[in-house]
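Shown next: upload_17.tsv, containing TSV, C-alpha atoms (C1' of nucleotides).
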```tsv
chain	number	residue	atom	x	y	z
A	1	MET	CA	-29.58	7.59	34.62
A	2	ARG	CA	-30.59	10.71	32.85
A	3	ASP	CA	-29.19	13.46	34.94
A	4	LYS	CA	-26.08	14.54	33.22
A	5	LEU	CA	-26.07	17.97	31.74
A	6	VAL	CA	-23.13	18.14	29.43
A	7	ASP	CA	-21.71	21.03	27.54
A	8	GLU	CA	-20.45	19.90	24.14
A	9	SER	CA	-18.75	23.15	23.27
A	10	GLU	CA	-18.79	22.84	19.48
A	11	LEU	CA	-22.09	20.96	19.19
A	12	ARG	CA	-25.35	22.83	18.58
A	13	CYS	CA	-28.91	21.61	18.42
A	14	PRO	CA	-30.05	21.84	14.78
A	15	GLU	CA	-33.61	22.58	15.97
A	16	CYS	CA	-33.21	25.38	18.47
A	17	GLY	CA	-29.49	26.08	18.53
A	18	GLY	CA	-29.18	25.06	22.16
A	19	ILE	CA	-25.76	24.12	23.41
A	20	GLU	CA	-26.65	22.02	26.45
A	21	PHE	CA	-27.57	18.39	26.19
A	22	PHE	CA	-28.83	15.53	28.27
A	23	ARG	CA	-26.99	12.34	27.95
A	24	ASP	CA	-29.04	9.25	28.49
A	25	TYR	CA	-26.70	6.33	28.78
A	26	ASP	CA	-29.42	3.81	29.43
A	27	ARG	CA	-30.95	4.42	26.05
A	28	ALA	CA	-27.71	5.62	24.52
A	29	GLU	CA	-29.10	8.88	23.29
A	30	MET	CA	-28.18	12.49	23.51
A	31	ALA	CA	-30.93	15.07	23.63
A	32	CYS	CA	-31.06	18.83	23.54
A	33	ALA	CA	-31.69	20.24	27.01
A	34	ARG	CA	-33.90	23.02	25.64
A	35	CYS	CA	-36.16	21.42	23.06
A	36	GLY	CA	-35.60	17.75	23.73
A	37	LEU	CA	-34.54	16.84	20.21
A	38	VAL	CA	-32.55	13.64	20.16
A	39	ILE	CA	-29.24	14.57	18.61
A	40	SER	CA	-27.44	11.32	18.31
A	41	GLU	CA	-28.08	7.73	19.05
A	42	ARG	CA	-25.53	5.13	19.96
A	43	ILE	CA	-23.20	7.20	22.06
A	44	ILE	CA	-20.78	4.98	23.83
A	45	ASP	CA	-19.55	5.84	27.27
A	46	MET	CA	-16.42	3.89	28.01
A	47	GLY	CA	-14.59	6.66	29.75
A	48	PRO	CA	-14.20	7.17	33.46
A	49	GLU	CA	-15.23	10.29	35.28
A	50	TRP	CA	-12.13	12.32	34.72
A	51	ARG	CA	-13.22	15.68	35.98
A	52	ALA	CA	-12.70	16.75	39.56
A	53	PHE	CA	-13.37	20.17	40.98
A	54	ASP	CA	-12.50	19.76	44.62
A	55	SER	CA	-10.63	17.37	46.83
A	56	GLU	CA	-13.76	15.38	47.66
A	57	GLN	CA	-14.41	14.71	44.00
A	58	GLN	CA	-10.74	14.03	43.51
A	59	ASP	CA	-11.07	11.13	45.91
A	60	LYS	CA	-14.25	9.89	44.30
A	61	LYS	CA	-12.81	10.08	40.82
A	62	ALA	CA	-11.43	6.58	40.85
A	63	ARG	CA	-14.89	5.06	40.67
A	64	ALA	CA	-14.66	4.18	37.00
A	65	GLY	CA	-11.17	3.10	36.02
A	66	ALA	CA	-9.48	3.31	32.67
A	67	PRO	CA	-11.44	2.85	29.41
A	68	LEU	CA	-12.20	-0.68	28.29
A	69	THR	CA	-9.88	-1.65	25.49
A	70	LEU	CA	-9.07	-4.77	23.52
A	71	THR	CA	-5.50	-3.73	22.97
A	72	ILE	CA	-4.48	-4.75	26.48
A	73	HIS	CA	-4.39	-8.47	26.90
A	74	ASP	CA	-7.02	-8.60	29.67
A	75	LYS	CA	-8.96	-5.71	28.15
A	76	GLY	CA	-7.59	-3.48	30.88
A	77	LEU	CA	-9.90	-5.05	33.41
A	78	SER	CA	-7.49	-6.82	35.72
A	79	THR	CA	-7.03	-5.88	39.33
A	80	VAL	CA	-3.75	-4.27	40.14
A	81	ILE	CA	-2.62	-4.39	43.72
A	82	ASP	CA	-1.07	-1.08	44.60
A	83	TRP	CA	2.09	-1.24	46.51
A	84	HIS	CA	1.45	2.08	48.20
A	85	ASN	CA	-0.97	2.52	51.05
A	86	SER	CA	-4.20	4.40	50.67
A	87	ARG	CA	-4.13	7.59	52.58
A	88	HIS	CA	-7.45	6.79	54.28
A	89	LEU	CA	-5.95	3.89	56.14
A	90	LYS	CA	-3.45	3.85	58.92
A	91	PRO	CA	0.14	3.20	57.94
A	92	MET	CA	1.03	-0.43	57.27
A	93	SER	CA	3.36	-2.38	59.47
A	94	PRO	CA	6.55	-3.59	57.73
A	95	ALA	CA	5.36	-7.19	57.95
A	96	HIS	CA	2.05	-6.25	56.37
A	97	ARG	CA	3.89	-4.36	53.70
A	98	ILE	CA	5.95	-7.38	52.76
A	99	GLN	CA	2.84	-9.51	52.66
A	100	ILE	CA	1.16	-7.09	50.29
A	101	TYR	CA	4.24	-7.00	48.13
A	102	LYS	CA	4.29	-10.78	47.81
A	103	LEU	CA	0.60	-10.79	47.04
A	104	LYS	CA	1.17	-8.26	44.31
A	105	LYS	CA	3.94	-10.33	42.81
A	106	TRP	CA	1.86	-13.48	42.64
A	107	GLN	CA	-1.16	-11.68	41.40
A	108	GLN	CA	0.89	-10.22	38.56
A	109	ARG	CA	2.30	-13.61	37.73
A	110	SER	CA	-1.13	-15.17	37.58
A	111	ARG	CA	-2.31	-12.45	35.24
A	112	VAL	CA	0.02	-13.58	32.50
A	113	SER	CA	0.18	-17.17	33.52
A	114	ASN	CA	-0.82	-19.36	30.61
A	115	ALA	CA	0.68	-19.40	27.16
A	116	PHE	CA	-2.31	-17.66	25.68
A	117	GLU	CA	-1.95	-14.68	27.94
A	118	ARG	CA	1.81	-14.52	27.59
A	119	ASN	CA	1.59	-14.58	23.85
A	120	LEU	CA	-1.14	-11.99	23.81
A	121	THR	CA	0.73	-9.69	26.15
A	122	PHE	CA	3.77	-9.66	23.95
A	123	ALA	CA	1.82	-9.51	20.71
A	124	LEU	CA	-0.33	-6.60	21.78
A	125	SER	CA	2.64	-4.55	22.83
A	126	GLU	CA	4.16	-5.25	19.42
A	127	LEU	CA	0.88	-4.36	17.81
A	128	ASP	CA	0.84	-1.02	19.53
A	129	ARG	CA	4.41	-0.33	18.53
A	130	PHE	CA	3.76	-1.17	14.88
A	131	ALA	CA	0.52	0.79	14.83
A	132	SER	CA	2.32	3.84	16.16
A	133	HIS	CA	4.90	3.55	13.43
A	134	LEU	CA	2.14	3.52	10.87
A	135	SER	CA	0.16	6.17	12.79
A	136	LEU	CA	-3.01	4.15	12.66
A	137	PRO	CA	-6.16	5.35	14.39
A	138	ARG	CA	-7.60	3.73	17.47
A	139	ASN	CA	-10.33	1.75	15.74
A	140	VAL	CA	-7.87	0.01	13.43
A	141	ARG	CA	-5.76	-1.01	16.41
A	142	GLU	CA	-8.81	-2.41	18.12
A	143	SER	CA	-9.86	-4.50	15.14
A	144	ALA	CA	-6.30	-5.69	14.63
A	145	ALA	CA	-6.36	-6.82	18.25
A	146	ILE	CA	-9.62	-8.68	17.63
A	147	PHE	CA	-8.09	-10.41	14.63
A	148	TYR	CA	-5.08	-11.44	16.63
A	149	ARG	CA	-7.16	-12.82	19.50
A	150	ARG	CA	-9.07	-14.95	17.05
A	151	MET	CA	-5.81	-16.07	15.47
A	152	ILE	CA	-4.57	-17.35	18.80
A	153	GLU	CA	-7.87	-19.00	19.58
A	154	THR	CA	-7.73	-20.98	16.34
A	155	ARG	CA	-4.13	-21.91	17.10
A	156	LEU	CA	-3.01	-20.15	13.98
A	157	VAL	CA	-0.03	-18.51	15.62
A	158	ARG	CA	1.58	-21.72	16.82
A	159	GLY	CA	4.90	-22.28	15.18
A	160	ARG	CA	4.86	-19.00	13.36
A	161	SER	CA	6.48	-15.75	14.28
A	162	ILE	CA	4.31	-13.50	16.40
A	163	GLU	CA	5.53	-10.42	14.58
A	164	SER	CA	4.46	-11.55	11.17
A	165	MET	CA	1.06	-12.60	12.47
A	166	VAL	CA	0.61	-9.25	14.17
A	167	ALA	CA	1.58	-7.55	10.93
A	168	ALA	CA	-0.99	-9.64	9.07
A	169	ALA	CA	-3.64	-8.70	11.64
A	170	ILE	CA	-2.79	-5.04	11.15
A	171	TYR	CA	-2.93	-5.36	7.40
A	172	ALA	CA	-6.32	-7.07	7.63
A	173	ALA	CA	-7.60	-4.41	10.01
A	174	CYS	CA	-6.45	-1.64	7.68
A	175	ARG	CA	-8.29	-3.17	4.79
A	176	GLN	CA	-11.38	-3.84	6.81
A	177	ASN	CA	-11.49	-0.26	8.01
A	178	ARG	CA	-10.64	1.14	4.59
A	179	ILE	CA	-7.50	2.82	5.83
A	180	PRO	CA	-5.28	2.32	2.82
A	181	ARG	CA	-1.88	0.99	3.68
A	182	THR	CA	0.08	-1.05	1.19
A	183	LEU	CA	1.83	-4.24	2.08
A	184	ASP	CA	5.04	-2.39	1.33
A	185	GLU	CA	4.41	0.27	3.94
A	186	ILE	CA	3.57	-2.25	6.61
A	187	ALA	CA	6.55	-4.41	5.72
A	188	GLN	CA	8.77	-1.38	6.07
A	189	ALA	CA	7.29	-0.31	9.40
A	190	VAL	CA	7.58	-3.71	11.03
A	191	ASN	CA	10.78	-4.74	9.29
A	192	ILE	CA	9.44	-8.05	8.00
A	193	LYS	CA	9.58	-9.31	4.43
A	194	LYS	CA	6.52	-8.46	2.39
A	195	ARG	CA	6.24	-12.06	1.29
A	196	GLU	CA	5.96	-13.33	4.81
A	197	ILE	CA	3.26	-10.87	5.82
A	198	GLY	CA	1.38	-11.72	2.66
A	199	ARG	CA	1.57	-15.40	3.44
A	200	SER	CA	0.36	-14.85	6.99
A	201	TYR	CA	-2.40	-12.64	5.73
A	202	ARG	CA	-3.68	-15.23	3.29
A	203	LEU	CA	-3.57	-17.80	6.05
A	204	LEU	CA	-5.57	-15.47	8.26
A	205	LEU	CA	-8.27	-15.08	5.64
A	206	LYS	CA	-8.45	-18.79	4.97
A	207	THR	CA	-8.52	-19.93	8.56
A	208	LEU	CA	-10.80	-17.31	10.01
A	209	LEU	CA	-13.04	-17.49	6.95
A	210	THR	CA	-13.03	-13.75	6.93
A	211	LYS	CA	-14.33	-11.93	3.93
A	212	ILE	CA	-12.50	-8.72	3.35
A	213	THR	CA	-13.41	-6.91	0.21
A	214	PRO	CA	-10.32	-6.30	-1.84
A	215	MET	CA	-8.73	-2.93	-1.57
A	216	THR	CA	-9.68	-0.89	-4.56
A	217	SER	CA	-7.53	1.83	-5.96
A	218	VAL	CA	-10.22	4.33	-4.96
A	219	ASN	CA	-9.09	3.97	-1.37
A	220	PHE	CA	-5.70	5.38	-2.24
A	221	ILE	CA	-6.93	8.51	-3.97
A	222	PRO	CA	-7.65	10.73	-0.96
A	223	ARG	CA	-4.27	9.97	0.51
A	224	LEU	CA	-2.43	10.72	-2.71
A	225	VAL	CA	-4.40	13.90	-3.29
A	226	ASN	CA	-3.58	15.00	0.20
A	227	LYS	CA	0.09	14.19	-0.21
A	228	LEU	CA	0.27	16.15	-3.44
A	229	ARG	CA	-1.73	19.05	-2.01
A	230	LEU	CA	-4.24	18.92	-4.85
A	231	SER	CA	-7.74	20.33	-4.74
A	232	HIS	CA	-10.91	18.55	-3.83
A	233	GLU	CA	-12.12	18.94	-7.41
A	234	VAL	CA	-9.20	16.92	-8.66
A	235	GLN	CA	-9.99	14.24	-6.14
A	236	LYS	CA	-13.63	14.05	-7.16
A	237	LEU	CA	-12.70	13.86	-10.83
A	238	ALA	CA	-10.04	11.26	-10.21
A	239	ILE	CA	-12.56	9.09	-8.39
A	240	THR	CA	-15.05	9.46	-11.24
A	241	ILE	CA	-12.40	8.43	-13.73
A	242	LEU	CA	-11.47	5.48	-11.61
A	243	GLU	CA	-15.05	4.33	-11.21
A	244	SER	CA	-15.70	4.33	-14.93
A	245	ALA	CA	-12.39	2.59	-15.52
A	246	ARG	CA	-13.40	-0.10	-13.13
A	247	SER	CA	-16.81	-0.55	-14.67
A	248	MET	CA	-15.05	-1.18	-17.97
A	249	GLY	CA	-12.81	-3.78	-16.43
A	250	LEU	CA	-9.60	-1.82	-16.93
A	251	THR	CA	-8.46	-2.17	-13.37
A	252	SER	CA	-8.24	-5.90	-12.87
A	253	GLY	CA	-4.80	-7.38	-12.59
A	254	ARG	CA	-3.14	-4.00	-12.32
A	255	GLY	CA	-1.45	-2.58	-9.28
A	256	PRO	CA	-3.97	-0.36	-7.52
A	257	MET	CA	-1.43	2.37	-6.83
A	258	GLY	CA	-0.52	2.70	-10.48
A	259	ILE	CA	-4.13	3.14	-11.51
A	260	ALA	CA	-4.85	5.58	-8.72
A	261	ALA	CA	-1.79	7.58	-9.73
A	262	ALA	CA	-2.79	7.60	-13.39
A	263	SER	CA	-6.32	8.78	-12.71
A	264	ILE	CA	-5.01	11.56	-10.53
A	265	TYR	CA	-2.65	12.51	-13.32
A	266	ILE	CA	-5.53	12.66	-15.80
A	267	ALA	CA	-7.69	14.56	-13.34
A	268	SER	CA	-4.98	17.11	-12.71
A	269	ILE	CA	-4.58	17.70	-16.44
A	270	LEU	CA	-8.31	18.09	-16.94
A	271	GLN	CA	-8.46	20.55	-14.07
A	272	GLN	CA	-5.45	22.36	-15.49
A	273	VAL	CA	-3.50	21.96	-12.29
A	274	LYS	CA	0.17	21.54	-12.84
A	275	CYS	CA	1.34	18.21	-11.54
A	276	THR	CA	4.16	16.25	-13.11
A	277	GLN	CA	4.26	12.50	-13.58
A	278	ARG	CA	7.39	12.60	-11.53
A	279	ASP	CA	5.73	14.14	-8.47
A	280	ILE	CA	2.84	11.72	-8.59
A	281	ALA	CA	5.16	8.78	-9.13
A	282	LEU	CA	7.15	9.81	-6.09
A	283	SER	CA	4.10	10.10	-3.85
A	284	ALA	CA	2.51	6.91	-5.12
A	285	ASN	CA	5.66	4.84	-4.95
A	286	VAL	CA	5.41	3.73	-8.55
A	287	THR	CA	7.49	4.76	-11.52
A	288	GLU	CA	6.65	7.33	-14.14
A	289	VAL	CA	6.63	4.56	-16.70
A	290	THR	CA	3.85	2.76	-14.88
A	291	ILE	CA	1.82	5.94	-14.65
A	292	ARG	CA	2.34	6.51	-18.36
A	293	ASN	CA	1.25	3.01	-19.24
A	294	ARG	CA	-1.89	3.19	-17.11
A	295	TYR	CA	-2.61	6.70	-18.25
A	296	GLN	CA	-2.46	5.73	-21.88
A	297	GLU	CA	-4.63	2.68	-21.38
A	298	LEU	CA	-7.19	4.78	-19.59
A	299	MET	CA	-7.12	7.56	-22.19
A	300	ARG	CA	-7.47	5.12	-25.03
A	301	LYS	CA	-10.57	3.49	-23.63
A	302	LEU	CA	-12.15	6.28	-21.65
A	303	ASP	CA	-11.83	9.28	-23.93
A	304	PHE	CA	-15.51	9.18	-24.80
A	305	VAL	CA	-16.57	8.86	-21.19
A	306	VAL	CA	-14.62	11.76	-19.78
A	307	LYS	CA	-15.44	14.76	-21.88
A	308	ILE	CA	-13.41	17.91	-21.51
B	1	DA	C1'	15.94	22.93	-19.57
B	2	DA	C1'	12.19	20.42	-17.74
B	3	DG	C1'	8.94	17.20	-18.60
B	4	DA	C1'	7.00	13.55	-21.33
B	5	DC	C1'	7.61	9.53	-24.18
B	6	DG	C1'	8.81	4.78	-25.26
B	7	DA	C1'	12.01	0.82	-26.14
B	8	DA	C1'	14.57	-2.75	-24.02
B	9	DA	C1'	16.39	-5.36	-20.46
B	10	DG	C1'	15.98	-6.67	-15.60
B	11	DT	C1'	13.43	-7.92	-11.15
B	12	DG	C1'	10.41	-10.26	-7.90
B	13	DG	C1'	6.09	-12.50	-7.19
B	14	DT	C1'	2.42	-15.83	-8.78
B	15	DT	C1'	0.80	-19.97	-10.96
B	16	DG	C1'	0.48	-24.52	-12.45
B	17	DA	C1'	2.71	-28.81	-13.61
C	1	DT	C1'	10.60	-27.31	-6.91
C	2	DC	C1'	10.92	-25.14	-11.23
C	3	DA	C1'	9.82	-22.85	-15.46
C	4	DA	C1'	6.61	-19.72	-17.65
C	5	DC	C1'	4.38	-15.56	-17.17
C	6	DA	C1'	2.51	-10.85	-16.31
C	7	DA	C1'	3.24	-6.65	-13.94
C	8	DC	C1'	6.35	-3.48	-12.78
C	9	DT	C1'	11.04	-1.12	-12.54
C	10	DT	C1'	15.37	0.75	-14.29
C	11	DT	C1'	17.80	2.93	-17.62
C	12	DC	C1'	18.50	5.74	-21.31
C	13	DG	C1'	18.00	8.10	-25.70
C	14	DT	C1'	14.65	11.06	-28.06
C	15	DC	C1'	10.92	14.30	-28.65
C	16	DT	C1'	8.03	18.38	-27.11
C	17	DT	C1'	6.91	22.58	-24.82
```
Target encoding structure tokens, full file:
Amino acid sequence: MRDKLVDESELRCPECGGIEFFRDYDRAEMACARCGLVISERIIDMGPEWRAFDSEQQDKKARAGAPLTLTIHDKGLSTVIDWHNSRHLKPMSPAHRIQIYKLKKWQQRSRVSNAFERNLTFALSELDRFASHLSLPRNVRESAAIFYRRMIETRLVRGRSIESMVAAAIYAACRQNRIPRTLDEIAQAVNIKKREIGRSYRLLLKTLLTKITPMTSVNFIPRLVNKLRLSHEVQKLAITILESARSMGLTSGRGPMGIAAASIYIASILQQVKCTQRDIALSANVTEVTIRNRYQELMRKLDFVVKI
DNA sequence: AAGACGAAAGTGGTTGA
DNA sequence: TCAACAACTTTCGTCTT
């Protein structure tokens, strides 16, 4: 299958500047149609053929179905019996119609028959709701779904609230994907006590033997910088400060947000950008006092590292 | 007057017996 | 389960720009 000429409007071949590409799904490559340069490997085609230019193609369009996803309990693969008739066939008799309707009902029941499926169905809809609240990207939702599936498989969810386990899965997925969300934010979005999510999260790590590298304060910097509308230079400097602070062991045992906030504060001073402790404290959800304390610790020990 | 500073008391979570 | 503990917050008076 190497016959698709696609037009990736914003993509250009770095070799010849061509704008048309072959997609080779068998080898998962994309190549320039003019010079043959392989642009990218590992393209994934999970989408159906959405385009249709005439009525004939419109009819053919259904050949692929919706994208495969782990956030629907059967990965979106189940058969759904349509209650309406296809327009290619002759109209159904009323008796036939009733038969089809019953068939549909039982088929739907069997889809979510066992406890596993029922649990998953509910949990994944909750997951989607929570993830929307937190405006999390697709990939985080998918890995949260994977976590949750594994949690059910190891019987971790039994006897515990589905919501808190879903929240723990989301928290784990955020950390795994380096999308910084604090426990506080998640607790607020899902309306569950922070303590409970934390407990579920620890359980998740222990039972699934998952290694998730601890969230470092560096992960919070881009978000804070963005929130405060600071320049990229400030961000780079703040990260440098943070890295040297960490290498000197100044970050252990401290709240990551406080340290991130303090290094941004220092960076903004060094860059001579006006930014008050108050503003940063507000964006970082810590107090000015905490920023001050961290900031002074950092300045005391780092003054010879960061030269003005 | 706004922002920064720092002392002191209070709060909520963790740890270890 | 409980006390000790560290980190962090709240509050408020004072200093600096």
Review point. How many Å separate atom CA of A:Met248 from atom CA of A:Asp279?
Key: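 The value is 27.5 Å.
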Proximity of chain C to chain A: per-residue shortest pair, 10 Å limit, only C-alpha atoms (C1' of nucleotides), as JSON lines:
```
{"residue": "C:DA6", "atom": "C1'", "partner": "A:Gly253", "partner_atom": "CA", "distance": 8.9}
{"residue": "C:DA7", "atom": "C1'", "partner": "A:Arg254", "partner_atom": "CA", "distance": 7.1}
{"residue": "C:DC8", "atom": "C1'", "partner": "A:Thr290", "partner_atom": "CA", "distance": 7.0}
{"residue": "C:DT9", "atom": "C1'", "partner": "A:Thr287", "partner_atom": "CA", "distance": 6.9}
{"residue": "C:DT10", "atom": "C1'", "partner": "A:Thr287", "partner_atom": "CA", "distance": 9.3}
```
Practice item. Pull out every residue of chain B that has at least one atom within 9 Å of chain A, counting all atoms listed in the file, and report them as a list in words. Key: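 Going by the stated atoms only, the list reads DG3, DA4, DC5, DG6 and DG13 of chain B.
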Study note, to complete from the structure: The distance between atom CA of A:Lys236 and atom CA of A:Ser135 is 25.5 Å
Review point. From the set A:Leu270, A:Ile170, A:Ala261, A:Leu208, which residue has the shortest atom-to-atom contact distance to A:Leu228, counting all atoms listed in the file?
Key: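 Smallest separation from A:Leu228 among the options: A:Ala261.
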**Study point:** Point (19.8, 5.5, -19.5), cut-off 12 Å, counting all atoms listed in the file, residues as JSON, numbers by chain
**Key:** {"B": [7, 8, 9], "C": [10, 11, 12, 13, 14]}
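Rounded to one decimal, atom CA of A:Arg229 and atom CA of A:Ile291 lie 18.6 Å from each other.
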Start from the incomplete input, build N, CA and C atoms for stretch 132-150 of chain A, and deliver everything as a short mmCIF file (atom, residue, chain, number, x, y, z; two decimals), keeping the file's coordinate frame.
```
data_model
loop_
_atom_site.label_atom_id
_atom_site.label_comp_id
_atom_site.auth_asym_id
_atom_site.auth_seq_id
_atom_site.Cartn_x
_atom_site.Cartn_y
_atom_site.Cartn_z
N SER A 132 1.81 2.48 15.98
CA SER A 132 2.32 3.84 16.16
C SER A 132 3.22 4.23 15.01
N HIS A 133 4.03 3.31 14.57
CA HIS A 133 4.90 3.55 13.43
C HIS A 133 4.09 3.96 12.22
N LEU A 134 2.96 3.28 12.05
CA LEU A 134 2.14 3.52 10.87
C LEU A 134 1.11 4.62 11.13
N SER A 135 1.15 5.19 12.32
CA SER A 135 0.16 6.17 12.79
C SER A 135 -1.26 5.78 12.40
N LEU A 136 -1.66 4.65 12.93
CA LEU A 136 -3.01 4.15 12.66
C LEU A 136 -3.95 4.61 13.76
N PRO A 137 -5.20 4.90 13.38
CA PRO A 137 -6.16 5.35 14.39
C PRO A 137 -6.58 4.22 15.33
N ARG A 138 -7.17 4.63 16.40
CA ARG A 138 -7.60 3.73 17.47
C ARG A 138 -8.42 2.53 16.96
N ASN A 139 -9.41 2.82 16.12
CA ASN A 139 -10.33 1.75 15.74
C ASN A 139 -9.62 0.65 14.96
N VAL A 140 -8.61 1.02 14.18
CA VAL A 140 -7.87 0.01 13.43
C VAL A 140 -7.07 -0.87 14.39
N ARG A 141 -6.51 -0.24 15.41
CA ARG A 141 -5.76 -1.01 16.41
C ARG A 141 -6.67 -2.00 17.11
N GLU A 142 -7.87 -1.53 17.43
CA GLU A 142 -8.81 -2.41 18.12
C GLU A 142 -9.17 -3.61 17.23
N SER A 143 -9.45 -3.35 15.95
CA SER A 143 -9.86 -4.50 15.14
C SER A 143 -8.68 -5.40 14.83
N ALA A 144 -7.48 -4.83 14.78
CA ALA A 144 -6.30 -5.69 14.63
C ALA A 144 -6.16 -6.59 15.85
N ALA A 145 -6.44 -6.03 17.03
CA ALA A 145 -6.36 -6.82 18.25
C ALA A 145 -7.39 -7.95 18.23
N ILE A 146 -8.58 -7.65 17.73
CA ILE A 146 -9.62 -8.68 17.63
C ILE A 146 -9.16 -9.79 16.71
N PHE A 147 -8.60 -9.41 15.57
CA PHE A 147 -8.09 -10.41 14.63
C PHE A 147 -7.05 -11.30 15.32
N TYR A 148 -6.17 -10.66 16.03
CA TYR A 148 -5.08 -11.44 16.63
C TYR A 148 -5.60 -12.41 17.69
N ARG A 149 -6.56 -11.93 18.51
CA ARG A 149 -7.16 -12.82 19.50
C ARG A 149 -7.75 -14.05 18.82
N ARG A 150 -8.45 -13.82 17.74
CA ARG A 150 -9.07 -14.95 17.05
C ARG A 150 -8.01 -15.86 16.44
#
```
